[in-house]
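Visitor: So here's upload-v3.tsv, just TSV, C-alpha atoms:
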```
chain	number	residue	atom	x	y	z
A	181	MET	CA	15.29	22.25	-14.62
A	182	GLY	CA	15.19	23.98	-11.24
A	183	ALA	CA	16.07	22.51	-7.89
A	184	LEU	CA	13.40	20.87	-5.79
A	185	PRO	CA	12.46	23.14	-2.87
A	186	LEU	CA	13.51	20.79	-0.05
A	187	GLU	CA	16.91	19.77	-1.41
A	188	GLY	CA	19.42	19.99	1.43
A	189	VAL	CA	16.81	19.23	4.10
A	190	THR	CA	17.40	15.99	6.06
A	191	VAL	CA	14.52	14.18	7.74
A	192	VAL	CA	14.97	11.31	10.18
A	193	ALA	CA	11.74	9.36	10.54
A	194	LEU	CA	11.00	6.77	13.20
A	195	GLU	CA	7.81	5.74	11.45
A	196	GLN	CA	5.47	2.92	10.53
A	197	ALA	CA	2.06	2.23	9.00
A	198	VAL	CA	0.48	5.08	6.98
A	199	ALA	CA	0.16	8.53	8.57
A	200	ALA	CA	3.83	9.34	9.22
A	201	PRO	CA	5.17	7.62	6.08
A	202	PHE	CA	2.67	9.63	4.00
A	203	ALA	CA	3.98	12.87	5.52
A	204	THR	CA	7.64	12.02	4.95
A	205	ARG	CA	7.11	10.63	1.46
A	206	GLN	CA	5.73	14.01	0.45
A	207	LEU	CA	8.83	15.66	1.91
A	208	ALA	CA	10.96	13.23	-0.10
A	209	ASP	CA	8.91	13.98	-3.23
A	210	LEU	CA	9.97	17.62	-2.88
A	211	GLY	CA	13.65	16.79	-2.54
A	212	ALA	CA	14.26	16.16	1.17
A	213	ARG	CA	16.55	13.34	2.20
A	214	VAL	CA	14.40	11.01	4.31
A	215	ILE	CA	16.18	8.41	6.44
A	216	LYS	CA	13.60	5.88	7.57
A	217	ILE	CA	14.42	4.03	10.77
A	218	GLU	CA	12.99	0.50	10.79
A	219	ARG	CA	13.01	-2.43	13.19
A	220	VAL	CA	15.60	-5.10	12.49
A	221	ASP	CA	12.93	-7.82	12.86
A	222	GLY	CA	10.77	-7.16	9.80
A	223	GLY	CA	10.86	-3.39	9.58
A	224	ASP	CA	7.78	-1.23	9.07
A	225	PHE	CA	4.87	-3.66	9.46
A	226	ALA	CA	3.18	-2.08	6.42
A	227	ARG	CA	5.75	-3.96	4.33
A	228	ALA	CA	3.67	-7.07	4.97
A	229	TYR	CA	0.07	-5.81	5.19
A	230	ASP	CA	-0.32	-7.76	1.95
A	231	ALA	CA	1.98	-9.01	-0.80
A	232	ALA	CA	-0.05	-7.79	-3.75
A	233	VAL	CA	2.75	-5.92	-5.50
A	234	ARG	CA	4.25	-8.68	-7.61
A	235	GLY	CA	3.80	-11.14	-4.79
A	236	GLY	CA	6.39	-9.64	-2.51
A	237	LEU	CA	5.63	-6.09	-1.43
A	238	GLY	CA	2.73	-4.54	0.45
A	239	THR	CA	0.61	-2.04	-1.48
A	240	HIS	CA	0.64	0.50	1.37
A	241	PHE	CA	4.42	0.32	1.63
A	242	ALA	CA	4.89	0.74	-2.12
A	243	TRP	CA	2.62	3.80	-2.08
A	244	LEU	CA	4.25	5.51	0.90
A	245	ASN	CA	7.97	4.84	0.90
A	246	ARG	CA	9.60	5.71	-2.39
A	247	SER	CA	12.68	7.96	-2.40
A	248	LYS	CA	13.60	7.02	1.19
A	249	GLU	CA	16.68	5.41	2.72
A	250	SER	CA	16.06	2.45	5.04
A	251	VAL	CA	18.25	2.02	8.12
A	252	ALA	CA	17.40	-0.97	10.33
A	253	LEU	CA	18.23	-0.48	14.02
A	254	ASP	CA	17.45	-2.23	17.27
A	255	LEU	CA	16.56	0.74	19.45
A	256	LYS	CA	16.42	-1.44	22.55
A	257	ALA	CA	20.20	-1.69	22.27
A	258	GLY	CA	22.24	1.24	23.51
A	259	GLU	CA	24.39	1.28	20.40
A	260	GLY	CA	21.27	1.37	18.21
A	261	ARG	CA	19.97	4.39	20.12
A	262	ALA	CA	23.39	6.02	19.77
A	263	VAL	CA	23.21	5.67	15.98
A	264	LEU	CA	19.77	7.25	15.97
A	265	GLY	CA	21.02	10.06	18.17
A	266	ALA	CA	23.89	10.74	15.80
A	267	LEU	CA	21.46	10.89	12.86
A	268	ILE	CA	19.20	13.33	14.69
A	269	GLU	CA	22.25	15.53	15.43
A	270	ARG	CA	22.61	16.04	11.67
A	271	ALA	CA	18.91	16.32	10.86
A	272	ASP	CA	16.65	19.27	10.17
A	273	VAL	CA	13.48	17.33	11.01
A	274	PHE	CA	12.77	14.40	13.32
A	275	LEU	CA	9.33	12.83	12.91
A	276	GLN	CA	7.95	9.88	14.85
A	277	ASN	CA	4.64	8.05	15.27
A	278	LEU	CA	5.45	5.55	18.01
A	279	ALA	CA	2.92	4.78	20.73
A	280	PRO	CA	2.28	7.79	23.02
A	281	GLY	CA	5.15	8.26	25.44
A	282	ALA	CA	7.45	5.73	23.75
A	283	ALA	CA	9.72	8.33	22.15
A	284	ALA	CA	10.07	10.26	25.42
A	285	ARG	CA	11.02	7.03	27.25
A	286	MET	CA	13.91	6.63	24.79
A	287	GLY	CA	15.10	10.18	25.38
A	288	LEU	CA	13.49	11.36	22.14
A	289	GLY	CA	10.92	13.77	23.54
A	290	ALA	CA	10.59	17.09	21.72
A	291	ALA	CA	11.71	19.22	24.68
A	292	GLU	CA	14.75	17.06	25.35
A	293	LEU	CA	15.82	16.95	21.70
A	294	ARG	CA	15.38	20.66	21.12
A	295	ALA	CA	17.24	21.56	24.29
A	296	GLY	CA	20.36	20.29	22.57
A	297	HIS	CA	19.32	21.16	19.00
A	298	PRO	CA	17.29	24.36	18.99
A	299	ARG	CA	17.05	24.44	15.17
A	300	LEU	CA	15.54	20.95	15.06
A	301	ILE	CA	11.92	20.54	13.97
A	302	VAL	CA	10.33	17.71	15.96
A	303	VAL	CA	7.01	16.24	14.85
A	304	ASP	CA	5.13	13.88	17.14
A	305	MET	CA	2.23	12.05	15.48
A	306	SER	CA	-0.34	10.02	17.38
A	307	GLY	CA	-3.93	8.89	17.39
A	308	TYR	CA	-5.36	11.27	19.99
A	309	GLY	CA	-2.56	13.59	21.10
A	310	SER	CA	-0.26	13.65	24.11
A	311	ARG	CA	-2.89	14.73	26.67
A	312	GLY	CA	-6.49	13.96	27.52
A	313	PRO	CA	-8.39	10.82	28.52
A	314	TYR	CA	-7.79	9.14	25.14
A	315	ARG	CA	-4.03	9.72	25.15
A	316	ASP	CA	-3.16	6.01	25.42
A	317	LYS	CA	-6.07	4.63	23.43
A	318	ARG	CA	-5.25	2.45	20.45
A	319	ALA	CA	-5.78	4.38	17.24
A	320	TYR	CA	-6.04	2.89	13.76
A	321	ASP	CA	-7.64	4.54	10.77
A	322	MET	CA	-11.07	2.88	11.05
A	323	LEU	CA	-11.19	3.44	14.82
A	324	VAL	CA	-10.45	7.14	14.48
A	325	GLN	CA	-12.95	7.51	11.63
A	326	ALA	CA	-15.52	6.08	14.04
A	327	GLU	CA	-14.47	8.11	17.09
A	328	ALA	CA	-14.38	11.43	15.21
A	329	GLY	CA	-17.79	10.90	13.63
A	330	LEU	CA	-16.77	10.39	10.01
A	331	ILE	CA	-18.39	6.97	9.79
A	332	SER	CA	-21.66	8.42	11.09
A	333	VAL	CA	-22.02	10.62	8.00
A	334	THR	CA	-20.73	8.11	5.44
A	335	GLY	CA	-22.89	5.35	3.98
A	336	THR	CA	-26.56	4.74	3.33
A	337	PRO	CA	-29.40	5.89	5.57
A	338	GLU	CA	-29.52	2.33	6.93
A	339	THR	CA	-25.81	1.48	7.18
A	340	PRO	CA	-22.81	3.58	8.23
A	341	VAL	CA	-19.54	2.73	6.47
A	342	LYS	CA	-15.96	3.86	6.75
A	343	ALA	CA	-14.27	5.72	3.90
A	344	GLY	CA	-12.60	3.30	1.50
A	345	SER	CA	-9.25	5.09	1.67
A	346	PRO	CA	-7.49	5.55	5.05
A	347	LEU	CA	-8.65	9.14	5.44
A	348	ALA	CA	-7.69	9.50	9.10
A	349	ASP	CA	-4.11	8.53	8.27
A	350	ILE	CA	-4.04	10.69	5.14
A	351	ALA	CA	-5.45	13.72	6.96
A	352	ALA	CA	-2.86	13.47	9.74
A	353	GLY	CA	-0.07	12.95	7.20
A	354	MET	CA	-1.14	16.06	5.28
A	355	TYR	CA	-1.12	18.20	8.41
A	356	ALA	CA	2.28	16.88	9.47
A	357	PHE	CA	3.64	17.62	6.00
A	358	SER	CA	2.28	21.17	5.93
A	359	GLY	CA	3.38	21.72	9.53
A	360	VAL	CA	6.97	20.85	8.62
A	361	LEU	CA	6.87	23.21	5.64
A	362	ALA	CA	5.56	26.04	7.84
A	363	ALA	CA	8.22	25.33	10.48
A	364	LEU	CA	10.99	25.38	7.86
A	365	VAL	CA	9.78	28.78	6.63
A	366	ARG	CA	9.69	30.15	10.19
A	367	ARG	CA	13.14	28.72	10.94
A	368	GLY	CA	14.48	30.52	7.89
A	369	THR	CA	13.33	33.80	9.47
A	370	THR	CA	13.99	33.22	13.16
A	371	GLY	CA	16.59	30.45	13.23
A	372	GLU	CA	14.43	28.51	15.69
A	373	GLY	CA	13.11	24.98	15.18
A	374	ALA	CA	9.72	23.80	16.36
A	375	SER	CA	7.85	21.20	18.36
A	376	ILE	CA	4.80	20.07	16.42
A	377	GLU	CA	2.05	17.69	17.46
A	378	VAL	CA	-0.41	16.19	14.99
A	379	SER	CA	-3.14	13.72	15.96
A	380	MET	CA	-5.33	11.67	13.65
A	381	PHE	CA	-8.37	12.54	15.77
A	382	ASP	CA	-7.81	16.30	15.47
A	383	ALA	CA	-7.27	15.96	11.72
A	384	VAL	CA	-10.54	14.11	11.14
A	385	ALA	CA	-12.42	16.43	13.51
A	386	GLU	CA	-11.30	19.31	11.29
A	387	TRP	CA	-12.34	17.43	8.15
A	388	MET	CA	-15.82	16.88	9.57
A	389	GLY	CA	-16.41	20.53	8.67
A	390	GLN	CA	-20.01	20.99	7.54
A	391	ALA	CA	-21.25	18.00	9.52
A	392	LEU	CA	-19.71	19.40	12.71
A	393	TYR	CA	-21.21	22.86	12.20
A	394	THR	CA	-24.60	21.43	11.29
A	395	THR	CA	-24.64	19.53	14.58
A	396	LEU	CA	-23.42	22.54	16.56
A	397	TYR	CA	-25.99	24.99	15.25
A	398	THR	CA	-29.06	22.87	14.50
A	399	GLY	CA	-28.76	20.31	17.28
A	400	GLU	CA	-29.08	17.51	14.72
A	401	PRO	CA	-26.23	15.70	12.93
A	402	PRO	CA	-26.69	15.44	9.15
A	403	ARG	CA	-28.32	12.26	7.93
A	404	ARG	CA	-26.46	9.85	5.70
A	405	THR	CA	-27.41	10.14	2.05
A	406	ALA	CA	-25.21	7.44	0.47
A	407	LEU	CA	-23.53	9.07	-2.53
A	408	GLY	CA	-25.71	12.17	-2.28
A	409	HIS	CA	-25.15	15.37	-0.32
A	410	PRO	CA	-27.20	16.17	2.80
A	411	VAL	CA	-27.77	19.86	1.94
A	412	ILE	CA	-27.45	20.01	-1.88
A	413	ALA	CA	-29.73	18.58	-4.59
A	414	PRO	CA	-29.55	17.18	-7.20
A	415	TYR	CA	-26.20	15.72	-6.15
A	416	ASP	CA	-26.05	11.96	-6.73
A	417	LYS	CA	-25.57	9.17	-9.26
A	418	TYR	CA	-28.14	8.73	-11.99
A	419	PRO	CA	-28.75	5.79	-14.36
A	420	THR	CA	-28.16	5.72	-18.11
A	421	ALA	CA	-29.52	3.54	-20.88
A	422	ASP	CA	-26.14	1.71	-20.93
A	423	GLY	CA	-26.61	0.54	-17.35
A	424	VAL	CA	-23.67	2.67	-16.17
A	425	ASP	CA	-24.33	5.44	-13.67
A	426	VAL	CA	-23.23	9.04	-14.13
A	427	VAL	CA	-22.67	11.44	-11.23
A	428	ILE	CA	-24.28	14.88	-11.44
A	429	GLY	CA	-23.52	17.61	-8.93
A	430	VAL	CA	-25.58	20.82	-9.05
A	431	GLN	CA	-24.08	23.29	-6.58
A	432	ASN	CA	-26.45	26.25	-6.91
A	433	ASP	CA	-29.60	27.58	-8.57
A	434	ARG	CA	-27.73	28.63	-11.70
A	435	GLY	CA	-26.59	25.06	-12.09
A	436	TRP	CA	-30.16	23.85	-11.67
A	437	ALA	CA	-31.28	26.24	-14.40
A	438	ALA	CA	-28.56	24.91	-16.72
A	439	LEU	CA	-29.57	21.32	-16.02
A	440	ALA	CA	-33.31	21.91	-16.35
A	441	THR	CA	-33.07	24.04	-19.49
A	442	GLY	CA	-29.98	22.75	-21.29
A	443	VAL	CA	-30.24	19.03	-20.55
A	444	LEU	CA	-33.70	18.06	-19.32
A	445	GLY	CA	-35.48	20.40	-21.73
A	446	ARG	CA	-37.74	21.55	-18.88
A	447	PRO	CA	-37.34	25.34	-18.43
A	448	ASP	CA	-40.53	25.31	-16.35
A	449	LEU	CA	-38.60	23.59	-13.55
A	450	VAL	CA	-36.44	26.69	-13.08
A	451	THR	CA	-39.32	28.73	-11.65
A	452	ASP	CA	-41.41	25.93	-10.17
A	453	PRO	CA	-41.46	26.78	-6.42
A	454	ARG	CA	-40.93	23.11	-5.54
A	455	TYR	CA	-37.50	23.20	-7.25
A	456	ALA	CA	-36.50	26.83	-7.81
A	457	THR	CA	-34.09	27.03	-4.85
A	458	ASN	CA	-31.62	24.57	-3.43
A	459	GLN	CA	-33.43	24.44	-0.10
A	460	ALA	CA	-36.68	23.61	-1.91
A	461	ARG	CA	-34.95	20.92	-3.93
A	462	VAL	CA	-33.51	19.37	-0.79
A	463	ARG	CA	-37.00	19.28	0.78
A	464	ASN	CA	-38.26	17.58	-2.37
A	465	ARG	CA	-35.16	15.49	-3.02
A	466	ALA	CA	-37.05	12.32	-4.02
A	467	GLU	CA	-39.07	14.14	-6.67
A	468	VAL	CA	-35.98	15.96	-7.99
A	469	ASP	CA	-33.99	12.72	-8.25
A	470	ALA	CA	-36.90	11.01	-10.00
A	471	LEU	CA	-37.16	13.85	-12.54
A	472	VAL	CA	-33.45	13.71	-13.33
A	473	ALA	CA	-33.26	9.90	-13.40
A	474	GLY	CA	-36.32	9.69	-15.63
A	475	PHE	CA	-34.40	11.64	-18.26
A	476	THR	CA	-30.91	10.19	-17.85
A	477	SER	CA	-32.13	6.59	-17.95
A	478	ARG	CA	-33.25	7.09	-21.56
A	479	MET	CA	-29.85	8.31	-22.75
A	480	GLY	CA	-26.51	6.57	-23.33
A	481	ARG	CA	-23.64	7.45	-21.02
A	482	GLU	CA	-21.41	9.20	-23.55
A	483	GLU	CA	-24.28	11.24	-24.99
A	484	LEU	CA	-25.40	12.26	-21.50
A	485	LEU	CA	-21.87	13.32	-20.50
A	486	ARG	CA	-21.58	15.34	-23.71
A	487	ARG	CA	-24.86	17.15	-23.10
A	488	LEU	CA	-24.00	17.86	-19.47
A	489	ASP	CA	-20.62	19.28	-20.47
A	490	GLU	CA	-22.15	21.43	-23.21
A	491	ALA	CA	-24.69	22.83	-20.75
A	492	GLY	CA	-21.98	23.50	-18.15
A	493	VAL	CA	-23.48	21.08	-15.62
A	494	PRO	CA	-20.85	19.48	-13.32
A	495	ASN	CA	-20.64	15.73	-13.85
A	496	ALA	CA	-18.34	12.72	-13.56
A	497	SER	CA	-18.06	9.09	-14.54
A	498	LEU	CA	-18.46	6.69	-11.62
A	499	ASN	CA	-15.06	5.04	-12.06
A	500	ASP	CA	-13.47	2.18	-10.17
A	501	GLY	CA	-9.75	1.42	-9.87
A	502	HIS	CA	-9.60	0.23	-13.48
A	503	GLY	CA	-11.13	3.50	-14.62
A	504	LEU	CA	-8.51	5.49	-12.72
A	505	VAL	CA	-5.58	3.43	-14.04
A	506	ALA	CA	-6.80	3.91	-17.61
A	507	HIS	CA	-7.92	7.52	-17.13
A	508	PRO	CA	-7.10	9.70	-20.14
A	509	GLN	CA	-6.39	12.70	-17.91
A	510	LEU	CA	-3.44	10.89	-16.33
A	511	ALA	CA	-2.17	9.64	-19.68
A	512	GLU	CA	-2.51	12.94	-21.57
A	513	ARG	CA	-0.75	14.88	-18.80
A	514	ASP	CA	2.08	12.32	-18.57
A	515	ARG	CA	1.49	11.59	-14.87
A	516	TRP	CA	2.86	8.03	-14.83
A	517	ARG	CA	6.46	7.20	-13.88
A	518	GLU	CA	8.52	4.08	-13.17
A	519	VAL	CA	9.80	3.62	-9.61
A	520	GLY	CA	12.37	1.04	-8.59
A	521	SER	CA	11.65	-1.41	-5.78
A	522	PRO	CA	12.89	-4.69	-4.27
A	523	VAL	CA	10.44	-6.52	-6.57
A	524	GLY	CA	11.30	-4.63	-9.76
A	525	ASP	CA	10.17	-1.43	-11.45
A	526	LEU	CA	6.65	-0.30	-10.54
A	527	ARG	CA	4.24	2.22	-12.04
A	528	ALA	CA	3.39	5.18	-9.84
A	529	ILE	CA	1.70	8.51	-10.42
A	530	LEU	CA	3.40	11.83	-9.83
A	531	PRO	CA	2.31	13.65	-6.65
A	532	PRO	CA	-0.24	16.46	-7.01
A	533	ILE	CA	2.17	19.36	-6.26
A	534	THR	CA	3.55	20.20	-9.70
A	535	PHE	CA	6.35	22.72	-10.09
A	536	ALA	CA	6.77	24.22	-13.55
A	537	ASP	CA	10.56	24.00	-13.40
A	538	ALA	CA	11.23	20.86	-11.34
A	539	GLU	CA	9.73	17.37	-11.30
A	540	ALA	CA	9.02	15.58	-8.05
A	541	ARG	CA	11.58	12.98	-7.08
A	542	MET	CA	10.39	9.46	-7.82
A	543	GLY	CA	13.22	7.43	-6.31
A	544	PRO	CA	13.19	3.72	-5.53
A	545	ILE	CA	11.38	2.00	-2.66
A	546	PRO	CA	14.07	0.65	-0.31
A	547	ALA	CA	14.61	-2.89	0.85
A	548	LEU	CA	14.75	-3.31	4.63
A	549	GLY	CA	18.09	-1.99	5.85
A	550	GLU	CA	19.28	-1.27	2.32
A	551	HIS	CA	21.10	1.89	3.39
A	552	THR	CA	22.28	0.88	6.85
A	553	ASP	CA	25.93	0.38	5.92
A	554	ALA	CA	26.19	3.55	3.84
A	555	VAL	CA	24.60	5.72	6.53
A	556	LEU	CA	26.81	4.23	9.25
A	557	ALA	CA	29.85	4.96	7.10
A	558	GLU	CA	28.72	8.60	6.87
A	559	LEU	CA	28.61	8.67	10.66
A	560	GLY	CA	32.21	7.42	10.86
A	561	TYR	CA	31.65	3.74	11.70
A	562	ASP	CA	34.32	1.49	10.19
A	563	GLY	CA	33.69	-1.87	8.59
A	564	ALA	CA	34.67	-3.86	11.68
A	565	SER	CA	32.26	-1.90	13.87
A	566	VAL	CA	29.45	-2.39	11.37
A	567	GLU	CA	30.01	-6.14	11.22
A	568	ARG	CA	30.18	-6.37	15.02
A	569	MET	CA	26.85	-4.52	15.32
A	570	ARG	CA	25.29	-6.75	12.65
A	571	ALA	CA	26.48	-9.89	14.41
A	572	ALA	CA	24.94	-8.61	17.65
A	573	GLY	CA	21.62	-7.95	15.91
A	574	THR	CA	21.83	-4.20	16.52
A	575	ILE	CA	21.59	-3.43	12.81
A	576	ARG	CA	20.43	-5.17	9.69
```
Any chance you could give the structure as structure tokens?

Guide:
Amino acid sequence: MGALPLEGVTVVALEQAVAAPFATRQLADLGARVIKIERVDGGDFARAYDAAVRGGLGTHFAWLNRSKESVALDLKAGEGRAVLGALIERADVFLQNLAPGAAARMGLGAAELRAGHPRLIVVDMSGYGSRGPYRDKRAYDMLVQAEAGLISVTGTPETPVKAGSPLADIAAGMYAFSGVLAALVRRGTTGEGASIEVSMFDAVAEWMGQALYTTLYTGEPPRRTALGHPVIAPYDKYPTADGVDVVIGVQNDRGWAALATGVLGRPDLVTDPRYATNQARVRNRAEVDALVAGFTSRMGREELLRRLDEAGVPNASLNDGHGLVAHPQLAERDRWREVGSPVGDLRAILPPITFADAEARMGPIPALGEHTDAVLAELGYDGASVERMRAAGTIR
């Protein structure tokens, strides 16, 4: 097996919640050493969002924090800040998602850090960025989904809803992750580190994509179409005789021809001017959906899926969490692994980036402060100093 691409890279993360931990977990997946700095009084608050993982561990924390080392420090204490400073001295990447301005007040601003460590890559993550009228505004996933317009295009025509997964956090985490990778590549060429800023708001604004451009160039935001697509038809869920819906997504006129001819048995629909083009089908969406549903409702789910596949018509089962856990695609491709944790071994799926010659690291989820003593020993602290700091509440 080959080496993971980020082996030898050290990341120090002053992080909590979802966005930053998602970025650093992906770095850890690819071999980086991630030292997670947590508060001594409870640590990352995502540890206790819930206790659904065997009654003792939060689901968000279990998802986002495998393969990391936990060091618990009181950063209000000078000695705690000194430990963090010593860790940053040895790091390749420092990433933080404290409240805007908090890192700079502790002497951890990007300019200050890089003045002494020009090869350091500093990533500052926030809700709205370091400038502008929303700089200090509270930013959680749902709030940013609302502010950036995502909720306005998600839901039924009558009711806007947020995305069920924390997409604002995930989007920001993905951009922070890719930003670090790009900075590491550039540093390999120039020797210089980087100062990177990623905001949840900017990430979701980018992900608004088609909805943003529709608003810009038509003057009207797209309307909500529940599971359907505002500018493509047929693109929705359709009933079956089993009472289980199947999702059909026709992307173009060739797909419509395949559906009409190969599944519906209605080749006349291919040239009917009411349905022949996607724009015509969108104008006549209700009639198109009724035609498709009238056929699918008379057929069992498995038979319908088979016929759609044979005709080359894109389709999917409308799965829930149980369907994903039991999905044959995950089982057949051996995507499940066991990950250690403070509450015992847990199932987890491999991350999407799959190297042919190296498997992603799937290390254990740390207990709060599990690695404090070992990391302090690396920094040269002796046992007496460690015990003194623990007694003072500086470490845990």

Visitor: Would you mind listing what lies within 7 Å of Met181 of chain A as a PDB file with C-alpha atoms, keeping the file's coordinate frame, with all atoms listed in the file counted and same-chain residues fewer than 2 positions away left out?

Guide:
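Everything below was put into result24.pdb:
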```
ATOM      1  CA  ALA A 183      16.070  22.510  -7.890  1.00  0.00           C
ATOM      2  CA  ASP A 537      10.560  24.000 -13.400  1.00  0.00           C
ATOM      3  CA  ALA A 538      11.230  20.860 -11.340  1.00  0.00           C
TER       4      ALA A 538
END
```

Visitor: Between A:Gly235, A:Gly260, A:Gly480, A:Gly329, which residue has the minimum interatomic distance to Thr420 of chain A, considering only C-alpha atoms?

Guide: A:Gly480

Visitor: Identify, on the basis of all atoms listed in the file, every residue whose closest approach to segment 571-575 of chain A does not exceed 12 Å; exclude the query and any residue fewer than 4 positions from it along the same chain; express the result as a PyMOL selection string.

Guide: chain A and resi 217-223+250-264+548-553+555-556+564-567

Visitor: Please report, as JSON lines, each residue of segment 382-404 of chain A lying at most 12 Å from segment 345-356 of chain A, together with the nearest pair of atoms and the separation in Å rounded to one decimal; use only C-alpha atoms, and order rows by chain and ascending residue number.

Guide:
```
{"residue": "A:Asp382", "atom": "CA", "partner": "A:Ala352", "partner_atom": "CA", "distance": 8.1}
{"residue": "A:Ala383", "atom": "CA", "partner": "A:Ala352", "partner_atom": "CA", "distance": 5.4}
{"residue": "A:Val384", "atom": "CA", "partner": "A:Ala348", "partner_atom": "CA", "distance": 5.8}
{"residue": "A:Ala385", "atom": "CA", "partner": "A:Ala348", "partner_atom": "CA", "distance": 9.5}
{"residue": "A:Glu386", "atom": "CA", "partner": "A:Ala351", "partner_atom": "CA", "distance": 9.2}
{"residue": "A:Trp387", "atom": "CA", "partner": "A:Ala351", "partner_atom": "CA", "distance": 7.9}
{"residue": "A:Met388", "atom": "CA", "partner": "A:Ala348", "partner_atom": "CA", "distance": 11.0}
```

Visitor: Find the residues near Arg318 of chain A: any atom within 10 Å, counting all atoms listed in the file, skip ones fewer than 3 places away on the same chain, and give them as a list in words.

Guide: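 Neighbouring residues, sequence-local ones excluded: Ala279, Pro280, Ser306, Gly307, Tyr308, Tyr314, Arg315, Leu323 and Val324 of chain A.
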
Visitor: Using Å and a single decimal, report how far atom CA of Ala413 of chain A sits from atom CA of Gln459 of chain A.

Guide: 8.3 Å

Visitor: Extract, using only C-alpha atoms, all DNA, RNA and protein residues at most 12 Å from Glu338 of chain A, discarding same-chain residues fewer than 3 positions from it, and format them as a ChimeraX atom specification.

Guide: /A:332-335,341,403-406

Visitor: Take the point (-0.7, -0.9, -1.4) in the file's coordinates, draw a sphere of radius 10 Å around it, and report as an MDAnalysis selection string every protein, DNA or RNA residue with an atom inside or on it, counting all atoms listed in the file.

Guide: chainID A and resid 226:233 237:244

Visitor: With all atoms listed in the file as the atoms that count, which of A:Leu392, A:Ala540, A:Met380, A:Ala343 lies nearest to Leu210 of chain A?

Guide: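 Smallest separation from Leu210 of chain A among the options: A:Ala540.
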
Visitor: At what distance in Å, to one decimal, does atom CA of Val192 of chain A lie from atom CA of Lys216 of chain A?

Guide: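 So the answer is 6.2 Å.
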